[in-house]
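Note: the block below is model.txt and it holds compact mmCIF, C-alpha atoms.
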```txt
# COMPACT_ATOMS: atom_id res chain seq x y z
CA MET A 1 0.00 0.00 0.00
CA ALA A 2 1.98 2.87 1.30
CA GLY A 3 5.46 2.18 0.31
CA VAL A 4 7.31 4.46 -2.00
CA GLY A 5 10.30 6.72 -1.53
CA GLY A 6 10.46 8.08 1.98
CA SER A 7 7.65 5.76 2.95
CA GLY A 8 7.53 3.39 0.12
CA GLY A 9 8.69 1.76 -3.13
CA GLY A 10 11.75 2.38 -5.53
CA VAL A 11 12.35 6.08 -5.33
CA GLY A 12 15.55 6.82 -3.51
CA GLY A 13 19.22 5.95 -3.32
CA ARG A 14 20.79 2.59 -2.69
CA GLY A 15 22.63 3.61 0.41
CA ALA A 16 24.24 6.46 2.25
CA GLY A 17 27.53 7.72 0.99
CA GLY A 18 29.85 9.67 3.26
CA GLY A 19 28.93 13.13 1.94
CA LYS A 20 25.35 12.45 0.93
CA MET A 21 24.19 11.80 4.50
CA ALA A 22 25.50 15.20 5.58
CA LEU A 23 23.63 16.91 2.72
CA ARG A 24 20.28 15.43 3.69
CA SER A 25 17.86 17.80 5.40
CA LEU A 26 16.93 17.33 9.04
CA SER A 27 13.38 16.49 7.96
CA TYR A 28 14.69 13.83 5.55
CA ARG A 29 16.92 12.20 8.19
CA LEU A 30 14.21 12.32 10.87
CA HIS A 31 11.56 11.00 8.47
CA ASP A 32 13.69 8.01 7.50
CA ALA A 33 14.82 7.33 11.07
CA LEU A 34 11.21 7.21 12.29
CA ASN A 35 9.92 5.26 9.32
CA VAL A 36 12.33 2.34 9.76
CA PRO A 37 10.68 1.17 13.03
CA LEU A 38 7.18 2.39 12.06
CA VAL A 39 7.09 0.72 8.64
CA GLY A 40 8.78 -2.36 10.09
CA ALA A 41 6.07 -2.56 12.76
CA LEU A 42 3.32 -2.10 10.14
CA SER A 43 4.69 -4.94 8.04
CA VAL A 44 4.93 -7.22 11.09
CA MET A 45 1.35 -6.34 12.07
CA CYS A 46 0.08 -7.04 8.55
CA PHE A 47 1.73 -10.46 8.41
CA GLY A 48 0.51 -11.14 11.94
CA GLY A 49 -3.01 -10.06 10.96
CA LEU A 50 -3.01 -12.54 8.08
CA LEU A 51 -2.00 -15.27 10.54
CA GLY A 52 -4.73 -14.27 13.00
CA ALA A 53 -2.27 -13.00 15.62
CA PHE A 54 -3.46 -9.37 15.56
CA ASP A 55 -6.80 -7.59 15.41
CA THR A 56 -7.14 -6.54 11.75
CA VAL A 57 -9.67 -3.80 12.58
CA ARG A 58 -7.15 -2.17 14.89
CA ILE A 59 -4.43 -2.57 12.25
CA THR A 60 -6.68 -0.74 9.78
CA HIS A 61 -7.08 2.18 12.19
CA ILE A 62 -3.33 2.31 12.83
CA PHE A 63 -2.61 2.20 9.10
CA VAL A 64 -5.03 5.05 8.38
CA ALA A 65 -3.48 7.15 11.14
CA TYR A 66 0.01 6.50 9.77
CA ILE A 67 -0.99 7.43 6.20
CA VAL A 68 -2.67 10.67 7.32
CA VAL A 69 0.25 11.79 9.50
CA ASP A 70 2.89 10.84 6.92
CA THR A 71 1.01 12.61 4.13
CA LEU A 72 0.75 15.81 6.20
CA TRP A 73 4.45 15.58 7.02
CA ILE A 74 5.44 15.34 3.34
CA VAL A 75 3.01 18.12 2.35
CA LEU A 76 4.54 20.44 4.97
CA PHE A 77 8.13 19.28 4.43
CA PRO A 78 8.63 17.97 0.86
CA SER A 79 12.36 17.63 1.53
CA ALA A 80 11.51 14.74 3.89
CA VAL A 81 11.67 12.38 0.88
CA PRO A 82 14.46 11.97 -1.70
CA ARG A 83 12.45 13.27 -4.66
CA PHE A 84 9.00 13.18 -6.28
CA ALA A 85 7.22 14.35 -3.11
CA TRP A 86 4.09 15.01 -5.19
CA ALA A 87 4.08 11.39 -6.36
CA ILE A 88 4.42 10.01 -2.86
CA ILE A 89 1.56 12.24 -1.70
CA LEU A 90 -0.57 10.93 -4.57
CA HIS A 91 0.38 7.37 -3.63
CA HIS A 92 -0.67 8.02 -0.02
CA ILE A 93 -4.01 9.47 -1.16
CA LEU A 94 -4.72 6.34 -3.22
CA THR A 95 -3.77 4.19 -0.24
CA PHE A 96 -6.13 6.21 1.96
CA PHE A 97 -9.01 5.63 -0.47
CA ILE A 98 -8.39 1.88 -0.41
CA LEU A 99 -8.25 1.91 3.40
CA LEU A 100 -11.63 3.61 3.52
CA HIS A 101 -13.23 0.33 2.44
CA PRO A 102 -12.07 -1.84 5.39
CA LEU A 103 -12.65 1.18 7.62
CA ARG A 104 -16.31 1.31 6.53
CA TYR A 105 -16.72 -2.47 6.23
CA PRO A 106 -14.80 -4.09 9.13
CA GLU A 107 -15.60 -7.56 7.78
CA HIS A 108 -12.97 -6.78 5.13
CA SER A 109 -10.37 -5.46 7.56
CA ILE A 110 -8.07 -8.36 6.72
CA GLU A 111 -7.72 -6.79 3.26
CA THR A 112 -5.66 -4.07 4.94
CA CYS A 113 -3.14 -6.77 5.78
CA ARG A 114 -3.30 -8.40 2.34
CA ASP A 115 -2.42 -5.12 0.67
CA GLY A 116 -0.27 -3.82 3.52
CA ILE A 117 2.39 -6.55 3.42
CA VAL A 118 4.00 -4.40 0.71
CA GLU A 119 5.41 -2.43 3.65
CA LEU A 120 8.02 -5.17 4.00
CA ASN A 121 9.45 -3.99 0.68
CA THR A 122 9.25 -0.41 1.92
CA PHE A 123 11.10 -1.35 5.12
CA PHE A 124 14.05 -2.77 3.20
CA LEU A 125 14.13 0.27 0.90
CA ILE A 126 14.35 2.77 3.75
CA SER A 127 16.75 0.60 5.77
CA ARG A 128 19.02 0.33 2.73
CA ARG A 129 19.21 4.11 2.53
CA GLN A 130 20.39 4.33 6.14
CA LEU A 131 23.38 2.05 5.65
CA GLN A 132 26.80 2.75 4.19
CA ARG A 133 26.74 1.85 0.51
CA GLY A 134 28.60 -1.38 -0.13
CA SER A 135 28.50 -2.55 3.50
CA ALA A 136 27.33 -6.09 4.22
CA LEU A 137 24.03 -4.88 5.72
CA ASN A 138 23.44 -2.50 2.82
CA VAL A 139 23.95 -5.31 0.32
CA LEU A 140 21.67 -7.60 2.35
CA CYS A 141 18.91 -4.97 2.47
CA ASP A 142 19.32 -4.37 -1.25
CA LEU A 143 18.87 -8.09 -1.95
CA CYS A 144 15.83 -8.27 0.34
CA TYR A 145 14.36 -5.15 -1.29
CA LYS A 146 14.70 -6.64 -4.76
CA ALA A 147 13.33 -10.02 -3.60
CA THR A 148 10.23 -8.43 -2.05
CA LEU A 149 9.50 -6.37 -5.18
CA SER A 150 7.42 -9.40 -6.17
CA ILE A 151 4.84 -8.13 -3.67
CA ARG A 152 4.47 -4.97 -5.77
CA PHE A 153 4.63 -6.50 -9.21
CA ILE A 154 2.88 -9.87 -8.71
CA TRP A 155 0.86 -9.86 -5.49
CA GLN A 156 -0.64 -6.36 -5.73
CA PRO A 157 -1.82 -6.83 -9.35
CA TYR A 158 -3.42 -10.12 -8.23
CA LEU A 159 -5.32 -8.15 -5.58
CA ILE A 160 -7.11 -6.25 -8.37
CA TYR A 161 -8.82 -9.54 -9.28
CA HIS A 162 -9.35 -10.39 -5.59
CA PHE A 163 -10.89 -7.00 -4.75
CA ARG A 164 -13.09 -7.17 -7.84
CA HIS A 165 -14.65 -10.34 -6.46
CA ILE A 166 -15.08 -9.39 -2.80
CA THR A 167 -16.37 -5.84 -3.35
CA HIS A 168 -18.62 -6.61 -6.30
CA MET A 169 -22.24 -5.51 -6.28
CA ASP A 170 -23.25 -9.20 -6.22
CA GLN A 171 -21.77 -9.27 -2.71
CA GLY A 172 -24.05 -6.43 -1.65
CA TYR A 173 -21.64 -3.50 -1.90
CA PRO A 174 -22.52 -0.18 -3.61
CA VAL A 175 -21.28 0.49 -7.13
CA ALA A 176 -19.36 3.54 -5.90
CA GLU A 177 -17.59 1.47 -3.25
CA HIS A 178 -16.58 -1.17 -5.78
CA ALA A 179 -15.37 1.49 -8.22
CA MET A 180 -13.34 3.34 -5.56
CA VAL A 181 -11.48 0.20 -4.49
CA MET A 182 -10.85 -1.00 -8.04
CA ILE A 183 -9.66 2.35 -9.40
CA SER A 184 -7.39 2.98 -6.42
CA GLN A 185 -5.76 -0.45 -6.58
CA ILE A 186 -5.28 -0.26 -10.35
CA LEU A 187 -3.71 3.19 -10.06
CA LEU A 188 -1.38 1.95 -7.32
CA CYS A 189 -0.17 -0.81 -9.64
CA VAL A 190 0.28 1.72 -12.46
CA PHE A 191 2.17 3.89 -10.00
CA ASN A 192 4.55 1.01 -9.24
CA ILE A 193 5.33 0.62 -12.92
CA GLY A 194 5.64 4.34 -13.65
CA ILE A 195 7.63 5.41 -10.58
CA VAL A 196 9.30 2.41 -8.97
CA ILE A 197 10.76 0.82 -12.12
CA PRO A 198 12.31 4.05 -13.47
CA GLY A 199 13.77 4.66 -10.01
CA MET A 200 15.63 1.34 -10.29
CA LEU A 201 17.24 2.20 -13.64
CA PRO A 202 20.83 3.55 -13.80
CA LYS A 203 20.89 7.30 -13.36
CA ARG A 204 22.61 9.60 -15.83
CA LYS A 205 25.19 11.84 -14.25
CA LYS A 206 26.81 14.92 -15.72
CA ILE A 207 30.56 14.68 -16.12
CA GLY A 208 32.58 17.59 -14.80
CA GLU A 209 34.49 20.06 -16.92
CA LYS A 210 37.75 18.14 -16.54
CA SER A 211 36.18 15.27 -18.40
CA GLY A 212 35.07 17.54 -21.23
CA GLY A 213 31.37 17.68 -20.30
CA GLY A 214 28.69 15.37 -21.59
CA TRP A 215 26.75 12.63 -19.83
CA ARG A 216 27.53 9.20 -18.60
CA LYS A 217 25.56 6.42 -16.90
CA GLU A 218 25.97 6.08 -13.18
CA ALA A 219 26.42 2.52 -11.94
```

Now, as a test, write the supplied structure out as structure tokens.
Amino acid sequence: MAGVGGSGGGVGGRGAGGGKMALRSLSYRLHDALNVPLVGALSVMCFGGLLGAFDTVRITHIFVAYIVVDTLWIVLFPSAVPRFAWAIILHHILTFFILLHPLRYPEHSIETCRDGIVELNTFFLISRRQLQRGSALNVLCDLCYKATLSIRFIWQPYLIYHFRHITHMDQGYPVAEHAMVMISQILLCVFNIGIVIPGMLPKRKKIGEKSGGGWRKEA
């Protein structure tokens, strides 16, 4: 659900370099430092909810509160995320719309956990940014981040089909409710393709004057 950039999916660096950490704003550093335990806890709760270990209604309320607070933070302090603050805000708004369904229909509160396990991918992304690039933990987080991308690109698209079935009018839900859930989930999947994948591609970096100008690909 929520995970992109400062609080989610593939927008952001692969790790902290010596000088880059110092250049990050206080809001950026604080946002990441708080999101590592918060997003980690959300992912644990979502997996626990799927296993019946946690109250999924309570998880839904916690998730909504997190999304609202994090969205306000990024609106007030766009520098809290690496880049594309507008895109992360849009992502959070879509997530909020999806969460409105289990909030209004508690019998579907487990769907918060089904969609929310994507926060595991988010956790590894943010943790990776906090670690020295090339260190053993940074490499491990990078591998875990790439492994859990399957949640974004396989599991979340599957949920479009799943949500279509459980929120359909045949099940007694209003047309507007069904449309809201479907459109939001589809747009989240489109978001993953349009923002996360480009963020994983090699960046192009300008060569300094000593190299004669021009552009080169950054590894």

Tell me which protein, DNA and RNA residues are within 10 Å of A:Tyr145, counting all atoms listed in the file, leaving out same-chain ones fewer than 4 positions away, and put them as a compact mmCIF listing (two decimals) with C-alpha atoms, in the coordinates of the input.
```txt
# COMPACT_ATOMS: atom_id res chain seq x y z
CA GLY A 9 8.69 1.76 -3.13
CA GLY A 10 11.75 2.38 -5.53
CA LEU A 120 8.02 -5.17 4.00
CA ASN A 121 9.45 -3.99 0.68
CA THR A 122 9.25 -0.41 1.92
CA PHE A 123 11.10 -1.35 5.12
CA PHE A 124 14.05 -2.77 3.20
CA LEU A 125 14.13 0.27 0.90
CA ILE A 126 14.35 2.77 3.75
CA SER A 127 16.75 0.60 5.77
CA ARG A 128 19.02 0.33 2.73
CA VAL A 139 23.95 -5.31 0.32
CA LEU A 140 21.67 -7.60 2.35
CA CYS A 141 18.91 -4.97 2.47
CA LEU A 149 9.50 -6.37 -5.18
CA SER A 150 7.42 -9.40 -6.17
```

- Note on the structure: Computed gap from atom CA of A:Asn192 to atom CA of A:Ala87 is 10.8 Å

- Measure the distance from atom CA of A:Phe163 to atom CA of A:Leu99 in Å and round it to one decimal.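 These two atoms are separated by 12.4 Å.
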
Give me the stretch 3-117 of chain A side of the contact with stretch 167-189 of chain A, cut-off 12 Å, one line per residue showing its nearest atom pair and distance in Å at one decimal, counting all atoms listed in the file, sorted by chain and residue number, as CSV.
```
residue,atom,partner,partner_atom,distance
A:Gly3,CA,A:Leu188,CA,10.2
A:Val4,CA,A:Leu188,CA,10.5
A:Gly8,CA,A:Leu188,CA,11.7
A:Gly9,CA,A:Leu188,CA,10.9
A:Ala87,CA,A:Leu188,CA,10.9
A:Ile88,CA,A:Leu188,CA,10.9
A:Leu90,CA,A:Leu188,CA,9.4
A:His91,CA,A:Leu188,CA,6.8
A:His92,CA,A:Leu188,CA,9.5
A:Ile93,CA,A:Ser184,CA,9.0
A:Leu94,CA,A:Ser184,CA,5.4
A:Thr95,CA,A:Ser184,CA,7.3
A:Phe96,CA,A:Ser184,CA,9.1
A:Phe97,CA,A:Ser184,CA,6.7
A:Ile98,CA,A:Val181,CA,5.4
A:Leu99,CA,A:Val181,CA,8.7
A:Leu100,CA,A:Val181,CA,8.7
A:His101,CA,A:Val181,CA,7.1
A:Pro102,CA,A:Val181,CA,10.1
A:Leu103,CA,A:Glu177,CA,11.9
A:Arg104,CA,A:Glu177,CA,9.9
A:Tyr105,CA,A:Tyr173,CA,9.6
A:Glu107,CA,A:Thr167,CA,11.3
A:His108,CA,A:Thr167,CA,9.2
A:Glu111,CA,A:Thr167,CA,10.9
A:Thr112,CA,A:Val181,CA,11.9
A:Asp115,CA,A:Gln185,CA,9.2
A:Gly116,CA,A:Gln185,CA,12.0
```

- atom CA of A:Ala33 to atom CA of A:Gln130, distance in Å rounded to a single decimal: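 A separation of 8.0 Å between them.
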
- Might you pull out every residue within 12 Å of A:Arg58, with all atoms listed in the file counted and same-chain residues fewer than 5 positions away left off, and present them as a PyMOL selection string? chain A and resi 42+45-46+49+53+63-65+102-103+106+109-110+112-113

- Task: Extract, using all atoms listed in the file, all DNA, RNA and protein residues at most 9 Å from A:Tyr28, discarding same-chain residues fewer than 6 positions from it, and format them as a PyMOL selection string.
- Result: chain A and resi 6+77-82

- Item | Selected residue, from A:Glu119, A:Ile89, A:Ile197, A:Gly134, that lies nearest to A:Ile151 when counting all atoms listed in the file |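 Among A:Glu119, A:Ile89, A:Ile197, A:Gly134, it is A:Glu119 that comes nearest to A:Ile151.
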
Box dimensions and centre (Å, one decimal) enclosing stretch 184-192 of chain A, axis-aligned, 6 Å extra per side, as AutoDock Vina command-line options:
```
--center_x -1.4 --center_y 1.5 --center_z -9.4 --size_x 23.9 --size_y 16.7 --size_z 18.0
```

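In this comparison, which uses only C-alpha atoms, the residue of A:Arg133, A:Arg152, A:Arg164, A:His31 approaching A:Val118 most closely is A:Arg152.
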